[in-house]
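As stored in protein_7.pdb (PDB, C-alpha atoms):
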ATOM      1  CA  VAL L 196      27.899 -21.167  14.839
ATOM      2  CA  GLN L 197      25.443 -18.661  13.415
ATOM      3  CA  LEU L 198      23.646 -16.104  15.578
ATOM      4  CA  GLN L 199      20.396 -14.315  14.841
ATOM      5  CA  ALA L 200      19.398 -11.374  17.015
ATOM      6  CA  SER L 201      15.924  -9.894  17.128
ATOM      7  CA  GLY L 202      13.672  -7.707  19.237
ATOM      8  CA  GLY L 203      15.078  -4.250  18.687
ATOM      9  CA  GLY L 204      12.894  -1.252  17.981
ATOM     10  CA  SER L 205      11.754   2.074  19.314
ATOM     11  CA  VAL L 206      10.666   2.591  22.891
ATOM     12  CA  GLN L 207      10.057   5.559  25.158
ATOM     13  CA  ALA L 208      12.285   6.264  28.093
ATOM     14  CA  GLY L 209      11.280   4.213  31.090
ATOM     15  CA  GLY L 210       9.859   1.472  28.919
ATOM     16  CA  SER L 211      10.937  -2.097  28.307
ATOM     17  CA  LEU L 212      12.222  -4.183  25.449
ATOM     18  CA  ARG L 213      13.367  -7.792  25.158
ATOM     19  CA  LEU L 214      16.088  -8.864  22.796
ATOM     20  CA  SER L 215      16.462 -12.451  21.678
ATOM     21  CA  CYS L 216      19.376 -14.359  20.221
ATOM     22  CA  THR L 217      19.091 -17.732  18.553
ATOM     23  CA  ALA L 218      22.128 -19.803  17.749
ATOM     24  CA  SER L 219      22.368 -22.506  15.136
ATOM     25  CA  GLY L 220      25.124 -24.838  14.142
ATOM     26  CA  SER L 221      27.495 -26.302  16.716
ATOM     27  CA  ILE L 222      25.692 -24.886  19.724
ATOM     28  CA  ASN L 223      27.132 -27.469  22.113
ATOM     29  CA  VAL L 224      30.532 -25.781  21.902
ATOM     30  CA  ILE L 225      29.271 -22.411  23.166
ATOM     31  CA  ALA L 226      30.832 -21.613  26.534
ATOM     32  CA  LEU L 227      29.776 -17.989  26.975
ATOM     33  CA  LYS L 228      26.716 -16.145  25.674
ATOM     34  CA  ALA L 229      26.703 -12.390  25.760
ATOM     35  CA  TRP L 230      25.238  -9.126  24.604
ATOM     36  CA  PHE L 231      27.314  -6.204  23.424
ATOM     37  CA  ARG L 232      26.247  -2.803  22.226
ATOM     38  CA  GLN L 233      27.700   0.000  20.176
ATOM     39  CA  CYS L 234      26.306   3.422  20.915
ATOM     40  CA  PRO L 235      26.802   6.445  18.647
ATOM     41  CA  GLY L 236      30.357   7.704  18.838
ATOM     42  CA  ASN L 237      31.501   4.897  21.118
ATOM     43  CA  GLN L 238      33.286   1.602  20.770
ATOM     44  CA  ARG L 239      31.480  -1.682  21.114
ATOM     45  CA  GLU L 240      31.114  -2.618  24.773
ATOM     46  CA  ILE L 241      29.904  -5.650  26.662
ATOM     47  CA  VAL L 242      26.508  -5.348  28.315
ATOM     48  CA  ALA L 243      26.003  -8.735  29.923
ATOM     49  CA  SER L 244      27.180 -12.312  29.756
ATOM     50  CA  ILE L 245      26.104 -15.719  30.960
ATOM     51  CA  ALA L 246      28.457 -18.652  31.145
ATOM     52  CA  SER L 247      27.664 -22.323  30.680
ATOM     53  CA  ASP L 248      27.789 -22.785  34.459
ATOM     54  CA  GLY L 249      25.172 -20.053  34.865
ATOM     55  CA  ALA L 250      27.497 -17.314  36.091
ATOM     56  CA  ILE L 251      26.112 -13.911  35.070
ATOM     57  CA  THR L 252      27.716 -10.512  34.766
ATOM     58  CA  HIS L 253      26.231  -7.140  33.859
ATOM     59  CA  SER L 254      28.033  -3.922  33.106
ATOM     60  CA  ASP L 255      27.708  -1.157  35.665
ATOM     61  CA  SER L 256      25.792   0.994  33.185
ATOM     62  CA  VAL L 257      22.906  -1.475  32.975
ATOM     63  CA  LYS L 258      23.059  -3.230  36.324
ATOM     64  CA  GLY L 259      19.645  -3.253  37.964
ATOM     65  CA  ARG L 260      17.883  -2.390  34.704
ATOM     66  CA  PHE L 261      18.862  -5.083  32.208
ATOM     67  CA  ALA L 262      18.956  -8.832  32.733
ATOM     68  CA  ILE L 263      20.482 -11.560  30.614
ATOM     69  CA  SER L 264      18.927 -14.997  30.706
ATOM     70  CA  ARG L 265      18.968 -18.284  28.895
ATOM     71  CA  GLY L 266      15.985 -19.725  27.141
ATOM     72  CA  ALA L 267      14.335 -23.029  27.876
ATOM     73  CA  VAL L 268      16.187 -24.461  24.910
ATOM     74  CA  LYS L 269      19.962 -24.388  24.806
ATOM     75  CA  ASN L 270      20.361 -22.255  21.733
ATOM     76  CA  THR L 271      18.545 -19.096  22.865
ATOM     77  CA  TRP L 272      19.313 -16.261  25.223
ATOM     78  CA  PHE L 273      17.703 -12.954  25.980
ATOM     79  CA  LEU L 274      18.341  -9.451  27.204
ATOM     80  CA  GLN L 275      15.444  -8.007  29.164
ATOM     81  CA  MET L 276      15.763  -4.240  29.111
ATOM     82  CA  ASP L 277      13.696  -2.360  31.689
ATOM     83  CA  GLY L 278      13.789   1.305  32.586
ATOM     84  CA  VAL L 279      15.528   2.174  29.336
ATOM     85  CA  GLU L 280      17.135   5.578  28.959
ATOM     86  CA  PRO L 281      17.987   7.621  25.863
ATOM     87  CA  GLU L 282      21.633   6.713  26.496
ATOM     88  CA  ASP L 283      20.702   3.091  25.777
ATOM     89  CA  THR L 284      20.110   3.991  22.133
ATOM     90  CA  CYS L 285      22.605   1.676  20.474
ATOM     91  CA  VAL L 286      22.968  -1.256  18.148
ATOM     92  CA  TYR L 287      22.891  -4.420  20.229
ATOM     93  CA  TYR L 288      24.804  -7.539  19.195
ATOM     94  CA  CYS L 289      24.573 -11.017  20.569
ATOM     95  CA  ASN L 290      27.864 -12.793  20.939
ATOM     96  CA  ALA L 291      29.009 -16.332  21.572
ATOM     97  CA  ARG L 292      32.386 -17.638  22.595
ATOM     98  CA  THR L 293      33.130 -21.323  22.127
ATOM     99  CA  ILE L 294      35.163 -23.672  24.270
ATOM    100  CA  GLY L 295      37.840 -23.362  21.608
ATOM    101  CA  ASN L 296      37.801 -19.567  22.131
ATOM    102  CA  SER L 297      36.266 -18.750  18.754
ATOM    103  CA  VAL L 298      33.963 -15.738  18.778
ATOM    104  CA  TYR L 299      30.770 -15.299  16.790
ATOM    105  CA  TRP L 300      28.513 -12.279  16.331
ATOM    106  CA  GLY L 301      24.896 -11.739  15.443
ATOM    107  CA  GLN L 302      23.963  -9.121  12.900
ATOM    108  CA  GLY L 303      22.996  -6.393  15.369
ATOM    109  CA  THR L 304      19.602  -5.010  16.252
ATOM    110  CA  LEU L 305      18.924  -1.303  16.741
ATOM    111  CA  VAL L 306      17.303  -0.027  19.921
ATOM    112  CA  THR L 307      16.127   3.587  19.899
ATOM    113  CA  VAL L 308      14.972   5.203  23.129
ATOM    114  CA  SER L 309      13.097   8.470  22.915
ATOM    115  CA  SER L 310      12.801  10.919  25.778
TER     116      SER L 310
END
Write the structure described by the file as structure tokens, please.
Amino acid sequence: VQLQASGGGSVQAGGSLRLSCTASGSINVIALKAWFRQCPGNQREIVASIASDGAITHSDSVKGRFAISRGAVKNTWFLQMDGVEPEDTCVYYCNARTIGNSVYWGQGTLVTVSS
């Protein structure tokens, strides 16, 4: 499984951004699709996830502002980021976990929020 993340960039506080992740390879074995982020000085943390049965979770720090969703085709998922704050300035990674519990990462996309 190979993951390609895109959509990062610079945005002003209060604005919106949409991240995309496209998977290639053995996409039928993906059981969980997620977004993580690593903010300056912090460890990588999970932002949101969506399971193959549609179950969705969001971290408390983004709940109500960010939304994970699946694309119309099986191999894409998104992170809609609304009401961004300077504290959301991080490198965002898409992540996939397979039914065999293997984990794959995208290359990371930088989001910079200016106040």
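Closest approach to L:Asn223 among L:Val286, L:Val268, L:Leu274, L:Val279 is made by L:Val268 (distances from all atoms listed in the file).
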Give me the result of the PyMOL selection byres ((chain L and resi 257) around 10) on this file, residue by residue, as a list of chain:residue names.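 Applied to this file, the PyMOL selection byres ((chain L and resi 257) around 10) returns L:Val242, L:Ala243, L:His253, L:Ser254, L:Asp255, L:Ser256, L:Lys258, L:Gly259, L:Arg260, L:Phe261, L:Ala262, L:Met276, L:Asp277, L:Gly278, L:Val279, L:Glu280, L:Asp283.
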Quick one: residues within 8 Å of stretch 292-306 of chain L, all atoms listed in the file counted, chain neighbours fewer than 2 positions away excluded, as number ranges by chain? L: 196-206, 216, 224-228, 283-290, 308
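What the PyMOL selection byres ((chain L and resi 269) around 10) grabs from this file is L:Thr217, L:Ala218, L:Ile222, L:Asn223, L:Ile225, L:Ser247, L:Arg265, L:Gly266, L:Ala267, L:Val268, L:Asn270, L:Thr271, L:Trp272.
Atom CA of L:Ile241 sits 16.7 Å away from atom CA of L:Arg213.
Counting all atoms listed in the file and comparing L:Ile263, L:Ala291, L:Leu214, L:Ala208, the residue that lies closest to L:Ala250 is L:Ile263.
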Using atom CA of L:Ser219 and atom CA of L:Gln275 as the two end points, give the distance in Å to one decimal.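 Interatomic distance here is 21.3 Å.
Picture a line from atom CA of L:Gly209 to atom CA of L:Ile251; it runs 23.8 Å.
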Shortest interatomic distance to L:Leu212 - which of L:Asn237, L:Ser310, L:Arg232, L:Phe273, counting only C-alpha atoms: L:Phe273
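Each of L:Ser215, L:Gly220, L:Ile245, L:Ser309 was checked against L:Glu282 using only C-alpha atoms; the smallest atom-to-atom distance is that of L:Ser309.
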When you write stretch 256-286 of chain L out from the block above, keep N, CA, C and O atoms and present the result as a PDB file, in the first residue's frame, please.
ATOM      1  N   SER L 256      -9.262  17.823  20.200  1.00  0.00           N
ATOM      2  CA  SER L 256      -8.698  19.104  19.785  1.00  0.00           C
ATOM      3  C   SER L 256      -9.264  19.607  18.459  1.00  0.00           C
ATOM      4  O   SER L 256      -9.187  20.808  18.172  1.00  0.00           O
ATOM      5  N   VAL L 257      -9.843  18.722  17.669  1.00  0.00           N
ATOM      6  CA  VAL L 257     -10.366  19.139  16.366  1.00  0.00           C
ATOM      7  C   VAL L 257     -11.860  18.897  16.218  1.00  0.00           C
ATOM      8  O   VAL L 257     -12.449  19.279  15.204  1.00  0.00           O
ATOM      9  N   LYS L 258     -12.452  18.265  17.224  1.00  0.00           N
ATOM     10  CA  LYS L 258     -13.866  17.920  17.127  1.00  0.00           C
ATOM     11  C   LYS L 258     -14.705  19.171  16.906  1.00  0.00           C
ATOM     12  O   LYS L 258     -14.523  20.189  17.579  1.00  0.00           O
ATOM     13  N   GLY L 259     -15.594  19.098  15.932  1.00  0.00           N
ATOM     14  CA  GLY L 259     -16.439  20.247  15.608  1.00  0.00           C
ATOM     15  C   GLY L 259     -15.828  21.183  14.585  1.00  0.00           C
ATOM     16  O   GLY L 259     -16.510  22.085  14.081  1.00  0.00           O
ATOM     17  N   ARG L 260     -14.552  20.999  14.297  1.00  0.00           N
ATOM     18  CA  ARG L 260     -13.873  21.861  13.309  1.00  0.00           C
ATOM     19  C   ARG L 260     -13.375  21.079  12.107  1.00  0.00           C
ATOM     20  O   ARG L 260     -13.441  21.575  10.981  1.00  0.00           O
ATOM     21  N   PHE L 261     -12.874  19.884  12.335  1.00  0.00           N
ATOM     22  CA  PHE L 261     -12.343  19.048  11.263  1.00  0.00           C
ATOM     23  C   PHE L 261     -13.288  17.875  11.036  1.00  0.00           C
ATOM     24  O   PHE L 261     -13.972  17.419  11.971  1.00  0.00           O
ATOM     25  N   ALA L 262     -13.276  17.358   9.819  1.00  0.00           N
ATOM     26  CA  ALA L 262     -14.121  16.203   9.506  1.00  0.00           C
ATOM     27  C   ALA L 262     -13.411  15.290   8.522  1.00  0.00           C
ATOM     28  O   ALA L 262     -12.981  15.741   7.457  1.00  0.00           O
ATOM     29  N   ILE L 263     -13.318  14.025   8.889  1.00  0.00           N
ATOM     30  CA  ILE L 263     -12.751  13.026   7.993  1.00  0.00           C
ATOM     31  C   ILE L 263     -13.887  12.424   7.176  1.00  0.00           C
ATOM     32  O   ILE L 263     -15.014  12.267   7.664  1.00  0.00           O
ATOM     33  N   SER L 264     -13.581  12.099   5.937  1.00  0.00           N
ATOM     34  CA  SER L 264     -14.588  11.476   5.084  1.00  0.00           C
ATOM     35  C   SER L 264     -13.906  10.614   4.045  1.00  0.00           C
ATOM     36  O   SER L 264     -12.709  10.761   3.786  1.00  0.00           O
ATOM     37  N   ARG L 265     -14.685   9.724   3.482  1.00  0.00           N
ATOM     38  CA  ARG L 265     -14.180   8.875   2.409  1.00  0.00           C
ATOM     39  C   ARG L 265     -14.614   9.450   1.075  1.00  0.00           C
ATOM     40  O   ARG L 265     -15.665  10.091   0.958  1.00  0.00           O
ATOM     41  N   GLY L 266     -13.819   9.202   0.071  1.00  0.00           N
ATOM     42  CA  GLY L 266     -14.163   9.653  -1.258  1.00  0.00           C
ATOM     43  C   GLY L 266     -15.156   8.716  -1.926  1.00  0.00           C
ATOM     44  O   GLY L 266     -15.489   7.662  -1.402  1.00  0.00           O
ATOM     45  N   ALA L 267     -15.603   9.126  -3.089  1.00  0.00           N
ATOM     46  CA  ALA L 267     -16.544   8.303  -3.844  1.00  0.00           C
ATOM     47  C   ALA L 267     -15.889   7.010  -4.319  1.00  0.00           C
ATOM     48  O   ALA L 267     -16.562   5.999  -4.522  1.00  0.00           O
ATOM     49  N   VAL L 268     -14.592   7.052  -4.490  1.00  0.00           N
ATOM     50  CA  VAL L 268     -13.859   5.834  -4.830  1.00  0.00           C
ATOM     51  C   VAL L 268     -13.149   5.336  -3.578  1.00  0.00           C
ATOM     52  O   VAL L 268     -12.808   6.098  -2.689  1.00  0.00           O
ATOM     53  N   LYS L 269     -12.934   4.036  -3.526  1.00  0.00           N
ATOM     54  CA  LYS L 269     -12.487   3.397  -2.291  1.00  0.00           C
ATOM     55  C   LYS L 269     -11.130   3.874  -1.814  1.00  0.00           C
ATOM     56  O   LYS L 269     -10.838   3.844  -0.635  1.00  0.00           O
ATOM     57  N   ASN L 270     -10.296   4.334  -2.718  1.00  0.00           N
ATOM     58  CA  ASN L 270      -8.907   4.553  -2.336  1.00  0.00           C
ATOM     59  C   ASN L 270      -8.596   5.997  -1.944  1.00  0.00           C
ATOM     60  O   ASN L 270      -7.439   6.385  -1.921  1.00  0.00           O
ATOM     61  N   THR L 271      -9.625   6.812  -1.659  1.00  0.00           N
ATOM     62  CA  THR L 271      -9.359   8.187  -1.262  1.00  0.00           C
ATOM     63  C   THR L 271     -10.086   8.522   0.036  1.00  0.00           C
ATOM     64  O   THR L 271     -11.154   7.985   0.317  1.00  0.00           O
ATOM     65  N   TRP L 272      -9.459   9.388   0.820  1.00  0.00           N
ATOM     66  CA  TRP L 272     -10.136   9.948   1.975  1.00  0.00           C
ATOM     67  C   TRP L 272      -9.615  11.362   2.201  1.00  0.00           C
ATOM     68  O   TRP L 272      -8.578  11.762   1.677  1.00  0.00           O
ATOM     69  N   PHE L 273     -10.379  12.116   2.971  1.00  0.00           N
ATOM     70  CA  PHE L 273     -10.139  13.535   3.088  1.00  0.00           C
ATOM     71  C   PHE L 273     -10.167  13.989   4.547  1.00  0.00           C
ATOM     72  O   PHE L 273     -10.725  13.310   5.404  1.00  0.00           O
ATOM     73  N   LEU L 274      -9.582  15.133   4.777  1.00  0.00           N
ATOM     74  CA  LEU L 274      -9.730  15.816   6.055  1.00  0.00           C
ATOM     75  C   LEU L 274     -10.136  17.251   5.744  1.00  0.00           C
ATOM     76  O   LEU L 274      -9.332  18.029   5.233  1.00  0.00           O
ATOM     77  N   GLN L 275     -11.391  17.563   6.012  1.00  0.00           N
ATOM     78  CA  GLN L 275     -11.882  18.923   5.853  1.00  0.00           C
ATOM     79  C   GLN L 275     -11.572  19.688   7.132  1.00  0.00           C
ATOM     80  O   GLN L 275     -12.015  19.306   8.210  1.00  0.00           O
ATOM     81  N   MET L 276     -10.814  20.758   6.977  1.00  0.00           N
ATOM     82  CA  MET L 276     -10.371  21.537   8.128  1.00  0.00           C
ATOM     83  C   MET L 276     -11.034  22.902   8.053  1.00  0.00           C
ATOM     84  O   MET L 276     -10.737  23.698   7.161  1.00  0.00           O
ATOM     85  N   ASP L 277     -11.942  23.173   8.959  1.00  0.00           N
ATOM     86  CA  ASP L 277     -12.627  24.461   9.030  1.00  0.00           C
ATOM     87  C   ASP L 277     -12.285  25.151  10.347  1.00  0.00           C
ATOM     88  O   ASP L 277     -11.982  24.488  11.336  1.00  0.00           O
ATOM     89  N   GLY L 278     -12.355  26.464  10.334  1.00  0.00           N
ATOM     90  CA  GLY L 278     -12.056  27.203  11.559  1.00  0.00           C
ATOM     91  C   GLY L 278     -10.666  26.914  12.092  1.00  0.00           C
ATOM     92  O   GLY L 278     -10.478  26.750  13.300  1.00  0.00           O
ATOM     93  N   VAL L 279      -9.684  26.870  11.202  1.00  0.00           N
ATOM     94  CA  VAL L 279      -8.333  26.518  11.633  1.00  0.00           C
ATOM     95  C   VAL L 279      -7.770  27.585  12.568  1.00  0.00           C
ATOM     96  O   VAL L 279      -8.147  28.761  12.504  1.00  0.00           O
ATOM     97  N   GLU L 280      -6.873  27.127  13.424  1.00  0.00           N
ATOM     98  CA  GLU L 280      -6.243  27.993  14.420  1.00  0.00           C
ATOM     99  C   GLU L 280      -4.728  27.883  14.258  1.00  0.00           C
ATOM    100  O   GLU L 280      -4.233  26.882  13.714  1.00  0.00           O
ATOM    101  N   PRO L 281      -3.998  28.877  14.729  1.00  0.00           N
ATOM    102  CA  PRO L 281      -2.525  28.782  14.620  1.00  0.00           C
ATOM    103  C   PRO L 281      -1.968  27.497  15.231  1.00  0.00           C
ATOM    104  O   PRO L 281      -0.957  26.968  14.739  1.00  0.00           O
ATOM    105  N   GLU L 282      -2.643  26.979  16.248  1.00  0.00           N
ATOM    106  CA  GLU L 282      -2.192  25.738  16.887  1.00  0.00           C
ATOM    107  C   GLU L 282      -2.343  24.524  15.972  1.00  0.00           C
ATOM    108  O   GLU L 282      -1.842  23.445  16.279  1.00  0.00           O
ATOM    109  N   ASP L 283      -3.037  24.680  14.858  1.00  0.00           N
ATOM    110  CA  ASP L 283      -3.180  23.590  13.902  1.00  0.00           C
ATOM    111  C   ASP L 283      -2.017  23.553  12.919  1.00  0.00           C
ATOM    112  O   ASP L 283      -2.011  22.703  12.011  1.00  0.00           O
ATOM    113  N   THR L 284      -1.065  24.435  13.082  1.00  0.00           N
ATOM    114  CA  THR L 284       0.123  24.439  12.226  1.00  0.00           C
ATOM    115  C   THR L 284       0.951  23.206  12.537  1.00  0.00           C
ATOM    116  O   THR L 284       1.570  23.098  13.610  1.00  0.00           O
ATOM    117  N   CYS L 285       0.945  22.261  11.602  1.00  0.00           N
ATOM    118  CA  CYS L 285       1.564  20.961  11.821  1.00  0.00           C
ATOM    119  C   CYS L 285       1.831  20.330  10.457  1.00  0.00           C
ATOM    120  O   CYS L 285       1.328  20.791   9.430  1.00  0.00           O
ATOM    121  N   VAL L 286       2.558  19.250  10.480  1.00  0.00           N
ATOM    122  CA  VAL L 286       2.655  18.384   9.309  1.00  0.00           C
ATOM    123  C   VAL L 286       1.601  17.296   9.476  1.00  0.00           C
ATOM    124  O   VAL L 286       1.540  16.636  10.522  1.00  0.00           O
TER     125      VAL L 286
END
